[in-house]
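One file, my_file01.csv, carrying CSV, C-alpha atoms:
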chain,number,residue,atom,x,y,z
A,456,MET,CA,8.6,8.8,42.1
A,457,LYS,CA,9.6,6.6,39.2
A,458,ARG,CA,7.2,3.8,38.3
A,459,PHE,CA,9.5,0.9,39.2
A,460,GLU,CA,11.4,2.5,42.1
A,461,GLY,CA,12.4,-0.2,44.6
A,462,GLN,CA,11.3,-3.0,42.4
A,463,VAL,CA,13.5,-5.9,41.1
A,464,VAL,CA,13.1,-6.8,37.4
A,465,LEU,CA,14.5,-9.8,35.7
A,466,VAL,CA,14.8,-9.6,31.9
A,467,THR,CA,15.9,-12.7,30.1
A,468,GLY,CA,18.1,-12.4,27.0
A,469,ALA,CA,19.0,-8.9,28.0
A,470,SER,CA,22.6,-9.0,26.6
A,471,GLY,CA,21.5,-7.3,23.3
A,472,GLY,CA,18.7,-6.5,20.9
A,473,LEU,CA,15.2,-6.0,22.3
A,474,GLY,CA,16.2,-7.4,25.7
A,475,LYS,CA,18.8,-4.6,26.1
A,476,ALA,CA,16.2,-2.0,25.3
A,477,ILE,CA,13.7,-3.5,27.8
A,478,ALA,CA,16.3,-3.7,30.5
A,479,LEU,CA,17.5,-0.1,29.9
A,480,GLY,CA,14.0,1.2,30.1
A,481,PHE,CA,13.3,-0.4,33.4
A,482,GLY,CA,16.5,0.9,34.8
A,483,GLU,CA,15.7,4.4,33.7
A,484,GLU,CA,12.4,4.1,35.6
A,485,GLY,CA,14.0,3.2,38.9
A,486,ALA,CA,14.1,-0.6,38.9
A,487,THR,CA,17.0,-2.8,40.0
A,488,VAL,CA,17.5,-4.7,36.7
A,489,ILE,CA,18.8,-8.2,36.6
A,490,VAL,CA,20.4,-8.6,33.2
A,491,HIS,CA,20.1,-12.2,32.2
A,492,TYR,CA,22.4,-13.9,29.7
A,493,ARG,CA,23.3,-17.5,28.7
A,494,THR,CA,26.7,-17.2,27.0
A,495,ARG,CA,27.3,-13.5,26.2
A,496,GLU,CA,28.6,-12.3,29.5
A,497,ASP,CA,30.5,-9.4,27.9
A,498,LYS,CA,27.4,-8.2,26.2
A,499,ALA,CA,25.4,-8.5,29.4
A,500,GLU,CA,28.0,-6.3,31.1
A,501,GLU,CA,27.6,-3.7,28.3
A,502,THR,CA,23.9,-3.6,29.1
A,503,LYS,CA,24.6,-3.3,32.8
A,504,ARG,CA,27.0,-0.4,32.2
A,505,ALA,CA,24.4,1.3,29.9
A,506,ILE,CA,21.8,1.1,32.7
A,507,GLU,CA,24.2,2.5,35.3
A,508,ALA,CA,25.3,5.3,32.9
A,509,ALA,CA,21.6,6.3,32.7
A,510,GLY,CA,21.4,6.5,36.5
A,511,GLY,CA,19.9,3.0,37.1
A,512,LYS,CA,21.0,0.0,39.0
A,513,ALA,CA,21.8,-3.4,37.5
A,514,SER,CA,23.5,-6.7,38.0
A,515,CYS,CA,24.2,-9.6,35.6
A,516,LEU,CA,23.0,-13.2,36.1
A,517,GLY,CA,23.9,-16.1,33.8
A,518,PHE,CA,22.0,-19.4,33.5
A,519,ASP,CA,20.6,-21.6,30.7
A,520,ILE,CA,16.8,-21.1,30.5
A,521,ARG,CA,16.5,-24.4,28.8
A,522,GLU,CA,17.6,-26.3,31.9
A,523,LYS,CA,15.2,-26.5,34.9
A,524,ASP,CA,17.9,-26.9,37.5
A,525,ALA,CA,19.9,-24.0,36.1
A,526,VAL,CA,16.8,-21.7,36.1
A,527,GLU,CA,15.9,-22.7,39.7
A,528,GLY,CA,19.4,-22.1,40.8
A,529,GLY,CA,19.6,-18.7,39.2
A,530,MET,CA,16.3,-17.7,40.7
A,531,ARG,CA,17.5,-18.7,44.2
A,532,ARG,CA,20.6,-16.6,43.8
A,533,LEU,CA,18.5,-13.6,42.7
A,534,VAL,CA,16.1,-13.8,45.6
A,535,GLN,CA,19.0,-14.4,48.1
A,536,GLU,CA,20.8,-11.3,46.8
A,537,HIS,CA,17.9,-9.0,46.3
A,538,GLY,CA,15.2,-10.4,48.6
A,539,ARG,CA,12.4,-10.2,46.0
A,540,LEU,CA,11.3,-10.4,42.4
A,541,ASP,CA,8.6,-8.0,41.2
A,542,VAL,CA,8.7,-8.4,37.4
A,543,LEU,CA,9.8,-11.1,35.0
A,544,VAL,CA,10.2,-10.4,31.3
A,545,ASN,CA,10.5,-13.6,29.2
A,546,ASN,CA,12.4,-12.1,26.3
A,547,ALA,CA,15.1,-14.7,25.5
A,548,GLY,CA,14.6,-16.5,22.2
A,549,ILE,CA,16.3,-17.9,19.1
A,550,ALA,CA,15.4,-18.5,15.5
A,551,ALA,CA,16.5,-21.3,13.1
A,552,ASP,CA,14.5,-20.5,10.0
A,553,ALA,CA,14.1,-22.9,7.1
A,554,PRO,CA,11.3,-24.1,4.7
A,555,PHE,CA,9.4,-26.8,6.5
A,556,VAL,CA,10.5,-29.7,4.2
A,557,PHE,CA,14.1,-28.8,4.9
A,558,LEU,CA,13.7,-28.1,8.6
A,559,ASP,CA,16.0,-30.2,10.8
A,560,ALA,CA,14.3,-31.9,13.7
A,561,GLY,CA,17.1,-30.6,15.9
A,562,ASP,CA,16.4,-27.0,15.0
A,563,MET,CA,12.7,-27.6,15.7
A,564,GLU,CA,13.5,-28.9,19.2
A,565,ALA,CA,16.1,-26.2,19.9
A,566,VAL,CA,13.7,-23.4,19.2
A,567,LEU,CA,10.9,-25.0,21.2
A,568,ARG,CA,13.2,-25.7,24.1
A,569,THR,CA,14.4,-22.1,24.2
A,570,ASN,CA,11.4,-20.0,23.2
A,571,LEU,CA,8.6,-22.0,24.8
A,572,MET,CA,10.1,-24.3,27.5
A,573,GLY,CA,12.6,-21.7,28.5
A,574,SER,CA,9.7,-19.3,29.3
A,575,PHE,CA,7.9,-22.2,31.1
A,576,HIS,CA,10.9,-22.8,33.4
A,577,CYS,CA,11.5,-19.1,34.1
A,578,THR,CA,7.8,-18.4,34.8
A,579,LYS,CA,7.4,-21.4,37.1
A,580,ALA,CA,10.4,-20.4,39.2
A,581,ALA,CA,9.4,-16.7,39.2
A,582,ALA,CA,5.8,-17.5,40.2
A,583,ARG,CA,7.0,-19.3,43.3
A,584,ALA,CA,9.0,-16.3,44.4
A,585,MET,CA,6.2,-13.9,43.6
A,586,ALA,CA,3.5,-16.0,45.3
A,587,ALA,CA,5.1,-15.5,48.7
A,588,ALA,CA,4.6,-11.7,48.3
A,589,ARG,CA,1.2,-12.3,46.6
A,590,ARG,CA,2.1,-9.8,43.9
A,591,GLY,CA,4.1,-9.7,40.7
A,592,ALA,CA,4.0,-9.2,36.9
A,593,ILE,CA,5.1,-11.5,34.2
A,594,VAL,CA,5.4,-10.2,30.6
A,595,GLN,CA,6.0,-12.7,27.8
A,596,VAL,CA,7.6,-11.4,24.6
A,597,ALA,CA,5.9,-13.2,21.7
A,598,SER,CA,5.8,-12.5,18.0
A,599,LEU,CA,3.3,-11.9,15.1
A,600,ALA,CA,4.6,-15.3,13.8
A,601,GLY,CA,2.7,-16.8,16.7
A,602,GLN,CA,-0.6,-15.5,15.3
A,603,HIS,CA,-0.1,-15.3,11.5
A,604,ALA,CA,1.5,-17.5,8.9
A,605,SER,CA,5.2,-16.9,8.6
A,606,PRO,CA,6.6,-19.2,5.9
A,607,GLY,CA,10.0,-20.5,6.8
A,608,GLN,CA,9.4,-20.1,10.5
A,609,SER,CA,7.3,-23.1,11.4
A,610,ASN,CA,9.4,-23.9,14.5
A,611,TYR,CA,9.4,-20.2,15.6
A,612,SER,CA,5.7,-19.9,15.0
A,613,ALA,CA,4.9,-23.0,17.0
A,614,ALA,CA,7.0,-21.8,19.9
A,615,LYS,CA,5.5,-18.2,19.9
A,616,GLY,CA,2.0,-19.5,19.3
A,617,GLY,CA,2.4,-21.8,22.2
A,618,LEU,CA,3.7,-19.0,24.4
A,619,ILE,CA,0.6,-16.9,23.6
A,620,ALA,CA,-1.8,-19.7,24.4
A,621,MET,CA,0.1,-20.6,27.6
A,622,THR,CA,0.0,-17.0,28.7
A,623,ARG,CA,-3.8,-16.9,28.7
A,624,THR,CA,-4.1,-20.0,30.9
A,625,LEU,CA,-1.3,-18.8,33.2
A,626,ALA,CA,-3.1,-15.5,33.6
A,627,ALA,CA,-6.2,-17.2,34.9
A,628,GLU,CA,-4.3,-19.6,37.2
A,629,LEU,CA,-1.9,-17.1,38.7
A,630,ALA,CA,-4.2,-14.1,39.1
A,631,PRO,CA,-5.7,-15.4,42.5
A,632,GLN,CA,-2.1,-15.3,43.8
A,633,GLY,CA,-1.7,-11.6,42.8
A,634,ILE,CA,0.5,-12.4,39.8
A,635,ARG,CA,-0.5,-10.8,36.5
A,636,VAL,CA,0.6,-12.4,33.2
A,637,ASN,CA,0.4,-10.7,29.8
A,638,THR,CA,2.0,-10.8,26.4
A,639,VAL,CA,3.6,-8.2,24.2
A,640,VAL,CA,3.5,-9.1,20.5
A,641,PRO,CA,6.1,-7.1,18.5
A,642,GLY,CA,6.1,-6.7,14.8
A,643,LEU,CA,9.1,-6.0,12.7
A,644,LEU,CA,11.6,-4.0,14.8
A,645,ASP,CA,15.0,-2.4,14.1
A,646,VAL,CA,16.6,-4.5,16.8
A,647,GLY,CA,17.1,-8.2,17.5
A,648,LEU,CA,16.0,-10.6,14.9
A,649,GLY,CA,14.6,-7.9,12.7
A,650,ALA,CA,18.0,-6.2,12.4
A,651,LYS,CA,19.5,-9.5,11.1
A,652,LEU,CA,17.0,-9.9,8.2
A,653,ASP,CA,18.1,-9.4,4.6
A,654,HIS,CA,17.5,-5.8,3.6
A,655,ARG,CA,15.3,-6.8,0.7
A,656,ILE,CA,13.0,-8.7,3.0
A,657,VAL,CA,12.9,-5.8,5.4
A,658,GLU,CA,12.0,-3.4,2.6
A,659,ALA,CA,9.2,-5.6,1.3
A,660,LYS,CA,7.7,-5.9,4.8
A,661,ARG,CA,8.2,-2.2,5.5
A,662,LYS,CA,5.9,-1.4,2.5
A,663,ALA,CA,3.2,-3.5,4.1
A,664,ILE,CA,3.3,-1.6,7.4
A,665,PRO,CA,0.6,1.2,7.5
A,666,LEU,CA,2.9,3.4,9.5
A,667,GLY,CA,5.6,3.0,6.8
A,668,ARG,CA,8.5,2.1,9.1
A,669,LEU,CA,10.0,-0.5,11.4
A,670,GLY,CA,9.3,-0.2,15.1
A,671,THR,CA,12.1,0.7,17.6
A,672,GLY,CA,13.2,-1.4,20.5
A,673,GLU,CA,12.1,1.4,22.8
A,674,GLU,CA,8.6,1.4,21.4
A,675,ALA,CA,8.2,-2.3,22.2
A,676,ALA,CA,9.9,-1.8,25.6
A,677,GLN,CA,7.4,0.9,26.5
A,678,ALA,CA,4.6,-1.7,25.9
A,679,VAL,CA,6.4,-4.2,28.2
A,680,ARG,CA,6.8,-1.5,30.9
A,681,PHE,CA,3.1,-0.6,30.7
A,682,LEU,CA,1.9,-4.2,31.2
A,683,ALA,CA,4.4,-4.6,34.1
A,684,SER,CA,3.2,-1.4,35.8
A,685,GLU,CA,0.4,-0.5,38.1
A,686,ALA,CA,-1.3,1.3,35.2
A,687,ALA,CA,-2.2,-2.2,34.0
A,688,SER,CA,-3.3,-3.5,37.4
A,689,TYR,CA,-6.6,-4.8,36.0
A,690,ILE,CA,-5.2,-6.3,32.8
A,691,ILE,CA,-4.4,-10.1,32.6
A,692,GLY,CA,-4.1,-12.5,29.7
A,693,ALA,CA,-3.9,-9.7,27.2
A,694,MET,CA,-1.9,-9.4,24.0
A,695,LEU,CA,-0.6,-6.0,23.3
A,696,VAL,CA,0.4,-5.9,19.6
A,697,VAL,CA,3.2,-3.4,18.7
A,698,ASP,CA,3.5,-3.7,14.9
A,699,GLY,CA,2.6,-0.4,13.3
A,700,GLY,CA,-0.5,-2.0,11.8
A,701,LEU,CA,1.3,-4.8,10.0
A,702,SER,CA,-1.2,-7.4,11.2
A,703,LEU,CA,-4.3,-5.4,10.3

Could you show the structure in this file as structure tokens?
Amino acid sequence: MKRFEGQVVLVTGASGGLGKAIALGFGEEGATVIVHYRTREDKAEETKRAIEAAGGKASCLGFDIREKDAVEGGMRRLVQEHGRLDVLVNNAGIAADAPFVFLDAGDMEAVLRTNLMGSFHCTKAAARAMAAARRGAIVQVASLAGQHASPGQSNYSAAKGGLIAMTRTLAAELAPQGIRVNTVVPGLLDVGLGAKLDHRIVEAKRKAIPLGRLGTGEEAAQAVRFLASEAASYIIGAMLVVDGGLSL
């Protein structure tokens, strides 16, 4: 039997990049995957078709994670249609990089609203659905920028650092309700934001990685699936770093 057979998994920001890799992996392991998107419905449909082509089951669900009412409405639709929610992966995020002295207040707020408050809204709505069944797993997708200095990313670092800190407290609060909360901390990957970096920056960072290469989306996705699975049933509040040794 596949690890997530019969389970319903919501992956936010699954219309491309790392989110797509995470969604595809859950689909391959038997889950019914809810492919979340905000504006890129066409890309979300591509993810859905990829999951189905691999023999999995999926549907698309669009809502703005920055808006409390939109999140709650989306979660109600999900539970009404599928009857349950077993796993939430808070993957959706944006970046708006700039040296701090040039950072626009609007870009600071936008990144915090999406990367931190978006995860807050989704986790709160999911926890209500999971508490009824007294079981569930929530996996946050953070970043090394939330643990280490990342010049030019003060807004992104603040959001991801806040997400890591929030995860620890949520893990303690929600564990008595049977809900496990953990974090995956990816390093430099060949998908998502990493794929958009200038090749000179990527090459400089690659030289600093002990394994000598960028990580793949699937390698990070495997870590997400592990923390969501029964193999991690006694793990809460953990940070699983997937960075090839970059942070050593």

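As for atom CA of A:Ala630 and atom CA of A:Val594, they are spaced 13.4 Å apart.
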
With all atoms listed in the file as the atoms that count, which of A:Arg680, A:Arg521, A:His491, A:Arg568 lies nearest to A:Leu533?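 Of the candidates, the smallest distance to A:Leu533 is held by A:His491.
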
Ref. answer, residues at most 12 Å from (14.7, -6.4, 25.3) with all atoms listed in the file, as a VMD selection string: chain A and resid 465 to 481 488 490 to 492 499 502 543 to 548 594 to 597 639 641 644 to 648 671 to 680

Mind checking which residues fall within 12 Å of A:Thr569, counting only C-alpha atoms, ignoring those fewer than 5 positions away in the same chain, and posting them as a ChimeraX atom specification? /A:467-468,493,519-523,545-551,562-564,574-577,610-611,613-615,618

With only C-alpha atoms as the basis for distance, which of A:Glu685, A:Glu496, A:Asp524, A:Asp559 is at the shortest distance from A:Arg458? A:Glu685

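Closest approach to A:Ile691 among A:Gly633, A:Gly461, A:Gly607, A:Gly510: A:Gly633, based on only C-alpha atoms.
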
Taking (4.0, -16.5, 17.5) as a centre in this file's frame and 6 Å as the limit, can you find every polymer residue with an atom that close, using only C-alpha atoms, and give them as a list in words?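 Protein, DNA and RNA residues close to (4.0, -16.5, 17.5): Ala597, Ser598, Leu599, Ala600, Gly601, Gln602, Ser612, Lys615 and Gly616 of chain A.
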
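Of the residues listed (A:Ser684, A:Gln632, A:Asn570, A:Gln462), A:Gln462 shows the shortest atom-to-atom separation from A:Asp541; distances use all atoms listed in the file.
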
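Of the residues listed (A:Lys579, A:Gly617, A:Ile593, A:Arg531), A:Gly617 shows the shortest atom-to-atom separation from A:Leu567; distances use all atoms listed in the file.
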
What is the distance, in Å and to one decimal place, between atom CA of A:Thr622 and atom CA of A:Ala693?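 Atom CA of A:Ala693 lies at a distance of 8.4 Å from atom CA of A:Thr622.
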
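Between atom CA of A:Leu701 and atom CA of A:Leu571 there is a distance of 23.8 Å.
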
Polymer residues at most 9 Å from stretch 665-669 of chain A, all atoms listed in the file, same-chain spacing of 2 or more positions, as a PyMOL selection string: chain A and resi 642-645+649+657+660-663+671+698-701+703
